$ cat coords-v1.pdb   # PDB, C-alpha atoms, pLDDT in the B column
ATOM      1  CA  MET B  21      -2.789   1.486  14.134  1.00 71.00           C
ATOM      2  CA  MET B  22      -6.486   1.139  15.041  1.00 87.00           C
ATOM      3  CA  ASN B  23      -8.002   2.938  17.989  1.00 96.00           C
ATOM      4  CA  THR B  24      -9.656   0.888  20.740  1.00 97.00           C
ATOM      5  CA  LYS B  25     -13.190   1.354  19.409  1.00 98.00           C
ATOM      6  CA  ASP B  26     -12.266   0.093  15.939  1.00 98.00           C
ATOM      7  CA  MET B  27     -10.122  -2.757  17.241  1.00 98.00           C
ATOM      8  CA  VAL B  28     -12.949  -4.051  19.443  1.00 98.00           C
ATOM      9  CA  ALA B  29     -15.398  -3.873  16.519  1.00 98.00           C
ATOM     10  CA  TYR B  30     -12.946  -5.684  14.236  1.00 98.00           C
ATOM     11  CA  LEU B  31     -12.319  -8.479  16.739  1.00 98.00           C
ATOM     12  CA  LEU B  32     -16.013  -8.955  17.474  1.00 98.00           C
ATOM     13  CA  GLN B  33     -16.584  -9.368  13.736  1.00 97.00           C
ATOM     14  CA  HIS B  34     -13.640 -11.643  12.987  1.00 97.00           C
ATOM     15  CA  LYS B  35     -13.126 -13.580  16.234  1.00 97.00           C
ATOM     16  CA  PRO B  36     -16.547 -14.756  17.463  1.00 95.00           C
ATOM     17  CA  GLU B  37     -14.993 -16.353  20.557  1.00 95.00           C
ATOM     18  CA  THR B  38     -14.394 -12.826  21.922  1.00 96.00           C
ATOM     19  CA  ARG B  39     -18.106 -11.935  21.873  1.00 96.00           C
ATOM     20  CA  ASP B  40     -18.994 -13.650  25.157  1.00 94.00           C
ATOM     21  CA  CYS B  41     -15.736 -13.326  27.062  1.00 95.00           C
ATOM     22  CA  ASP B  42     -14.132  -9.998  27.927  1.00 96.00           C
ATOM     23  CA  ILE B  43     -11.023 -11.831  29.134  1.00 97.00           C
ATOM     24  CA  LYS B  44     -10.490 -13.366  25.680  1.00 98.00           C
ATOM     25  CA  LEU B  45     -11.166 -10.021  24.014  1.00 98.00           C
ATOM     26  CA  MET B  46      -8.680  -8.222  26.271  1.00 98.00           C
ATOM     27  CA  SER B  47      -6.113 -10.939  25.817  1.00 97.00           C
ATOM     28  CA  VAL B  48      -6.222 -10.642  22.023  1.00 98.00           C
ATOM     29  CA  ILE B  49      -6.030  -6.835  22.176  1.00 98.00           C
ATOM     30  CA  TYR B  50      -3.152  -6.751  24.650  1.00 98.00           C
ATOM     31  CA  ARG B  51      -1.169  -9.369  22.713  1.00 97.00           C
ATOM     32  CA  ARG B  52      -1.531  -7.354  19.513  1.00 96.00           C
ATOM     33  CA  LEU B  53      -0.651  -4.058  21.147  1.00 97.00           C
ATOM     34  CA  CYS B  54       2.293  -5.357  23.161  1.00 96.00           C
ATOM     35  CA  ASP B  55       3.813  -7.167  20.190  1.00 93.00           C
ATOM     36  CA  GLY B  56       6.683  -8.659  22.188  1.00 93.00           C
ATOM     37  CA  LYS B  57       7.000  -5.785  24.670  1.00 97.00           C
ATOM     38  CA  ASP B  58       6.518  -6.376  28.377  1.00 97.00           C
ATOM     39  CA  PHE B  59       2.814  -6.182  29.198  1.00 97.00           C
ATOM     40  CA  PHE B  60       3.265  -4.700  32.668  1.00 97.00           C
ATOM     41  CA  THR B  61       5.642  -1.996  31.460  1.00 97.00           C
ATOM     42  CA  GLU B  62       3.194  -1.000  28.725  1.00 97.00           C
ATOM     43  CA  PHE B  63       0.180  -1.163  31.047  1.00 97.00           C
ATOM     44  CA  GLU B  64       1.819   0.886  33.812  1.00 97.00           C
ATOM     45  CA  ALA B  65       2.918   3.475  31.237  1.00 97.00           C
ATOM     46  CA  LYS B  66      -0.729   3.720  30.155  1.00 96.00           C
ATOM     47  CA  ARG B  67       0.093   2.791  26.575  1.00 96.00           C
ATOM     48  CA  LEU B  68      -2.633   0.122  26.645  1.00 97.00           C
ATOM     49  CA  PRO B  69      -6.383   0.697  26.913  1.00 97.00           C
ATOM     50  CA  SER B  70      -7.918   0.003  30.293  1.00 97.00           C
ATOM     51  CA  PRO B  71      -9.966  -3.169  30.713  1.00 98.00           C
ATOM     52  CA  GLU B  72     -13.010  -1.000  31.441  1.00 98.00           C
ATOM     53  CA  THR B  73     -12.615   0.861  28.147  1.00 98.00           C
ATOM     54  CA  ILE B  74     -12.478  -2.429  26.242  1.00 98.00           C
ATOM     55  CA  ARG B  75     -15.512  -3.778  28.097  1.00 97.00           C
ATOM     56  CA  ARG B  76     -17.523  -0.620  27.457  1.00 98.00           C
ATOM     57  CA  TRP B  77     -16.765  -0.629  23.729  1.00 98.00           C
ATOM     58  CA  ARG B  78     -17.723  -4.305  23.521  1.00 97.00           C
ATOM     59  CA  ALA B  79     -21.034  -3.599  25.221  1.00 94.00           C
ATOM     60  CA  LYS B  80     -21.724  -0.550  23.045  1.00 97.00           C
ATOM     61  CA  HIS B  81     -20.976  -2.400  19.797  1.00 97.00           C
ATOM     62  CA  GLN B  82     -23.153  -5.341  20.840  1.00 95.00           C
ATOM     63  CA  GLU B  83     -25.989  -3.038  21.873  1.00 92.00           C
ATOM     64  CA  GLU B  84     -25.954  -1.339  18.470  1.00 96.00           C
ATOM     65  CA  ASN B  85     -25.234  -4.353  16.236  1.00 95.00           C
ATOM     66  CA  GLU B  86     -27.008  -7.681  16.825  1.00 92.00           C
ATOM     67  CA  GLN B  87     -24.532  -9.517  14.586  1.00 94.00           C
ATOM     68  CA  LEU B  88     -21.737  -8.803  17.066  1.00 95.00           C
ATOM     69  CA  ARG B  89     -23.594 -10.350  20.002  1.00 93.00           C
ATOM     70  CA  GLY B  90     -22.498 -13.655  21.414  1.00 88.00           C
ATOM     71  CA  VAL B  91     -24.710 -16.577  22.319  1.00 84.00           C
ATOM     72  CA  ASN B  92     -24.918 -15.439  25.963  1.00 86.00           C
ATOM     73  CA  TYR B  93     -26.096 -11.884  25.195  1.00 80.00           C
ATOM     74  CA  ASN B  94     -29.832 -12.548  25.558  1.00 76.00           C
ATOM     75  CA  ASP B  95     -29.360 -14.683  28.672  1.00 78.00           C
ATOM     76  CA  ARG B  96     -27.395 -11.878  30.349  1.00 77.00           C
ATOM     77  CA  HIS B  97     -30.137  -9.382  29.564  1.00 75.00           C
ATOM     78  CA  LYS B  98     -32.901 -11.679  30.836  1.00 76.00           C
ATOM     79  CA  SER B  99     -30.956 -12.046  34.089  1.00 81.00           C
ATOM     80  CA  GLN B 100     -30.551  -8.286  34.259  1.00 81.00           C
ATOM     81  CA  ILE B 101     -34.325  -7.764  34.226  1.00 81.00           C
ATOM     82  CA  LYS B 102     -34.786 -10.299  37.030  1.00 82.00           C
ATOM     83  CA  VAL B 103     -32.121  -8.650  39.186  1.00 87.00           C
ATOM     84  CA  LYS B 104     -33.601  -5.178  38.608  1.00 87.00           C
ATOM     85  CA  ARG B 105     -36.993  -6.453  39.783  1.00 88.00           C
ATOM     86  CA  GLU B 106     -35.423  -8.047  42.845  1.00 89.00           C
ATOM     87  CA  LEU B 107     -33.761  -4.733  43.677  1.00 91.00           C
ATOM     88  CA  GLY B 108     -37.083  -2.931  43.412  1.00 91.00           C
ATOM     89  CA  TYR B 109     -36.614  -1.128  40.102  1.00 90.00           C
ATOM     90  CA  SER B 110     -39.585  -0.812  37.802  1.00 84.00           C
ATOM     91  CA  VAL B 111     -38.896  -2.698  34.598  1.00 76.00           C
TER      92      VAL B 111
END
$ encode --input "coords-v1.pdb" --output "C-alpha cells"
Amino acid sequence: MMNTKDMVAYLLQHKPETRDCDIKLMSVIYRRLCDGKDFFTEFEAKRLPSPETIRRWRAKHQEENEQLRGVNYNDRHKSQIKVKRELGYSV
C-alpha cells in the first residue's frame, strides 16, 4: 500500500482532474483506502489521512513539479500576491 505522499503524487500524475480540486483528490484517496469499509468508522479510527495532510502534499508536489500543476495554479498564485499586498506584506 502506498503512503499518502506517494498516493497524492500518483493521482496528480494520472488523474489530472484532481490537480485543481482538493475535494476530488480527497474523494479518490478515501474511496481507494476505504475499499468498501465505512468511511466514518475508518476516519474516526484515524486509519485515513487527514484532509490537511492530503492538501499539504498536493501543494508541495505542485510547488516542486510544474507538470503536476492544474490550470488554476498560476491564477491562485497571482491572487495570493494581490492579497499579500492588501494585507501590507512586502512582496
$ resolve_selection --input "coords-v1.pdb" --expression "the PyMOL selection byres ((chain B and resi 38) around 12)" --output "JSON, numbers by chain"
{"B": [27, 28, 29, 30, 31, 32, 33, 34, 35, 36, 37, 39, 40, 41, 42, 43, 44, 45, 46, 47, 48, 49, 74, 75, 78, 79, 82, 88, 89, 90, 91, 92]}
$ resolve_selection --input "coords-v1.pdb" --expression "the PyMOL selection byres ((chain B and resi 65-69) around 12)" --output "PyMOL selection string"
chain B and resi 22-25+27-28+46-47+49-55+57-64+70-77
$ atom_distance --input "coords-v1.pdb" --atom1 "atom CA of B:Lys104" --atom2 "atom CA of B:Glu83"
18.5 Å
$ axis_aligned_box --input "coords-v1.pdb" --around "stretch 60-74 of chain B" --padding-each-side "3 Å" --output "lines of an AutoDock Vina configuration file"
center_x = -3.7
center_y = -0.5
center_z = 30.0
size_x = 24.7
size_y = 14.4
size_z = 13.6
$ atom_distance --input "coords-v1.pdb" --atom1 "atom CA of B:Asp26" --atom2 "atom CA of B:Arg96"
24.1 Å
$ build_atoms --input "coords-v1.pdb" --residues "stretch 38-65 of chain B" --atoms "N, CA and C atoms" --output "PDB file, in the frame of the given file"
ATOM      1  N   THR B  38     -14.566 -13.985  21.033  1.00 96.00           N
ATOM      2  CA  THR B  38     -14.394 -12.826  21.922  1.00 96.00           C
ATOM      3  C   THR B  38     -15.725 -12.163  22.277  1.00 96.00           C
ATOM      4  N   ARG B  39     -16.813 -12.592  21.667  1.00 96.00           N
ATOM      5  CA  ARG B  39     -18.106 -11.935  21.873  1.00 96.00           C
ATOM      6  C   ARG B  39     -18.700 -12.172  23.256  1.00 96.00           C
ATOM      7  N   ASP B  40     -18.416 -13.307  23.859  1.00 94.00           N
ATOM      8  CA  ASP B  40     -18.994 -13.650  25.157  1.00 94.00           C
ATOM      9  C   ASP B  40     -17.992 -13.613  26.301  1.00 94.00           C
ATOM     10  N   CYS B  41     -16.755 -13.265  26.012  1.00 95.00           N
ATOM     11  CA  CYS B  41     -15.736 -13.326  27.062  1.00 95.00           C
ATOM     12  C   CYS B  41     -14.811 -12.111  26.977  1.00 95.00           C
ATOM     13  N   ASP B  42     -14.986 -11.188  27.915  1.00 96.00           N
ATOM     14  CA  ASP B  42     -14.132  -9.998  27.927  1.00 96.00           C
ATOM     15  C   ASP B  42     -12.668 -10.361  28.141  1.00 96.00           C
ATOM     16  N   ILE B  43     -12.409 -11.418  28.892  1.00 97.00           N
ATOM     17  CA  ILE B  43     -11.023 -11.831  29.134  1.00 97.00           C
ATOM     18  C   ILE B  43     -10.357 -12.221  27.816  1.00 97.00           C
ATOM     19  N   LYS B  44     -11.049 -12.992  26.983  1.00 98.00           N
ATOM     20  CA  LYS B  44     -10.490 -13.366  25.680  1.00 98.00           C
ATOM     21  C   LYS B  44     -10.288 -12.139  24.809  1.00 98.00           C
ATOM     22  N   LEU B  45     -11.269 -11.239  24.813  1.00 98.00           N
ATOM     23  CA  LEU B  45     -11.166 -10.021  24.014  1.00 98.00           C
ATOM     24  C   LEU B  45      -9.964  -9.193  24.461  1.00 98.00           C
ATOM     25  N   MET B  46      -9.813  -8.992  25.751  1.00 98.00           N
ATOM     26  CA  MET B  46      -8.680  -8.222  26.271  1.00 98.00           C
ATOM     27  C   MET B  46      -7.359  -8.896  25.963  1.00 98.00           C
ATOM     28  N   SER B  47      -7.335 -10.198  26.091  1.00 97.00           N
ATOM     29  CA  SER B  47      -6.113 -10.939  25.817  1.00 97.00           C
ATOM     30  C   SER B  47      -5.644 -10.736  24.379  1.00 97.00           C
ATOM     31  N   VAL B  48      -6.572 -10.835  23.431  1.00 98.00           N
ATOM     32  CA  VAL B  48      -6.222 -10.642  22.023  1.00 98.00           C
ATOM     33  C   VAL B  48      -5.726  -9.213  21.794  1.00 98.00           C
ATOM     34  N   ILE B  49      -6.424  -8.238  22.359  1.00 98.00           N
ATOM     35  CA  ILE B  49      -6.030  -6.835  22.176  1.00 98.00           C
ATOM     36  C   ILE B  49      -4.657  -6.576  22.773  1.00 98.00           C
ATOM     37  N   TYR B  50      -4.439  -7.018  23.999  1.00 98.00           N
ATOM     38  CA  TYR B  50      -3.152  -6.751  24.650  1.00 98.00           C
ATOM     39  C   TYR B  50      -1.999  -7.465  23.946  1.00 98.00           C
ATOM     40  N   ARG B  51      -2.231  -8.671  23.457  1.00 97.00           N
ATOM     41  CA  ARG B  51      -1.169  -9.369  22.713  1.00 97.00           C
ATOM     42  C   ARG B  51      -0.799  -8.603  21.451  1.00 97.00           C
ATOM     43  N   ARG B  52      -1.797  -8.108  20.750  1.00 96.00           N
ATOM     44  CA  ARG B  52      -1.531  -7.354  19.513  1.00 96.00           C
ATOM     45  C   ARG B  52      -0.810  -6.044  19.809  1.00 96.00           C
ATOM     46  N   LEU B  53      -1.241  -5.358  20.855  1.00 97.00           N
ATOM     47  CA  LEU B  53      -0.651  -4.058  21.147  1.00 97.00           C
ATOM     48  C   LEU B  53       0.736  -4.157  21.779  1.00 97.00           C
ATOM     49  N   CYS B  54       0.976  -5.198  22.541  1.00 96.00           N
ATOM     50  CA  CYS B  54       2.293  -5.357  23.161  1.00 96.00           C
ATOM     51  C   CYS B  54       3.341  -5.822  22.151  1.00 96.00           C
ATOM     52  N   ASP B  55       2.937  -6.709  21.268  1.00 93.00           N
ATOM     53  CA  ASP B  55       3.813  -7.167  20.190  1.00 93.00           C
ATOM     54  C   ASP B  55       5.236  -7.440  20.664  1.00 93.00           C
ATOM     55  N   GLY B  56       5.364  -8.267  21.689  1.00 93.00           N
ATOM     56  CA  GLY B  56       6.683  -8.659  22.188  1.00 93.00           C
ATOM     57  C   GLY B  56       7.200  -7.792  23.328  1.00 93.00           C
ATOM     58  N   LYS B  57       6.581  -6.642  23.563  1.00 97.00           N
ATOM     59  CA  LYS B  57       7.000  -5.785  24.670  1.00 97.00           C
ATOM     60  C   LYS B  57       6.411  -6.327  25.969  1.00 97.00           C
ATOM     61  N   ASP B  58       6.994  -5.926  27.070  1.00 97.00           N
ATOM     62  CA  ASP B  58       6.518  -6.376  28.377  1.00 97.00           C
ATOM     63  C   ASP B  58       5.149  -5.761  28.687  1.00 97.00           C
ATOM     64  N   PHE B  59       4.173  -6.630  28.932  1.00 97.00           N
ATOM     65  CA  PHE B  59       2.814  -6.182  29.198  1.00 97.00           C
ATOM     66  C   PHE B  59       2.750  -5.192  30.359  1.00 97.00           C
ATOM     67  N   PHE B  60       3.375  -5.532  31.471  1.00 97.00           N
ATOM     68  CA  PHE B  60       3.265  -4.700  32.668  1.00 97.00           C
ATOM     69  C   PHE B  60       3.896  -3.324  32.466  1.00 97.00           C
ATOM     70  N   THR B  61       5.003  -3.281  31.758  1.00 97.00           N
ATOM     71  CA  THR B  61       5.642  -1.996  31.460  1.00 97.00           C
ATOM     72  C   THR B  61       4.709  -1.127  30.619  1.00 97.00           C
ATOM     73  N   GLU B  62       4.110  -1.732  29.600  1.00 97.00           N
ATOM     74  CA  GLU B  62       3.194  -1.000  28.725  1.00 97.00           C
ATOM     75  C   GLU B  62       1.932  -0.572  29.472  1.00 97.00           C
ATOM     76  N   PHE B  63       1.410  -1.463  30.305  1.00 97.00           N
ATOM     77  CA  PHE B  63       0.180  -1.163  31.047  1.00 97.00           C
ATOM     78  C   PHE B  63       0.412  -0.045  32.063  1.00 97.00           C
ATOM     79  N   GLU B  64       1.505  -0.142  32.815  1.00 97.00           N
ATOM     80  CA  GLU B  64       1.819   0.886  33.812  1.00 97.00           C
ATOM     81  C   GLU B  64       2.092   2.238  33.163  1.00 97.00           C
ATOM     82  N   ALA B  65       2.644   2.232  31.958  1.00 97.00           N
ATOM     83  CA  ALA B  65       2.918   3.475  31.237  1.00 97.00           C
ATOM     84  C   ALA B  65       1.663   4.018  30.555  1.00 97.00           C
TER      85      ALA B  65
END
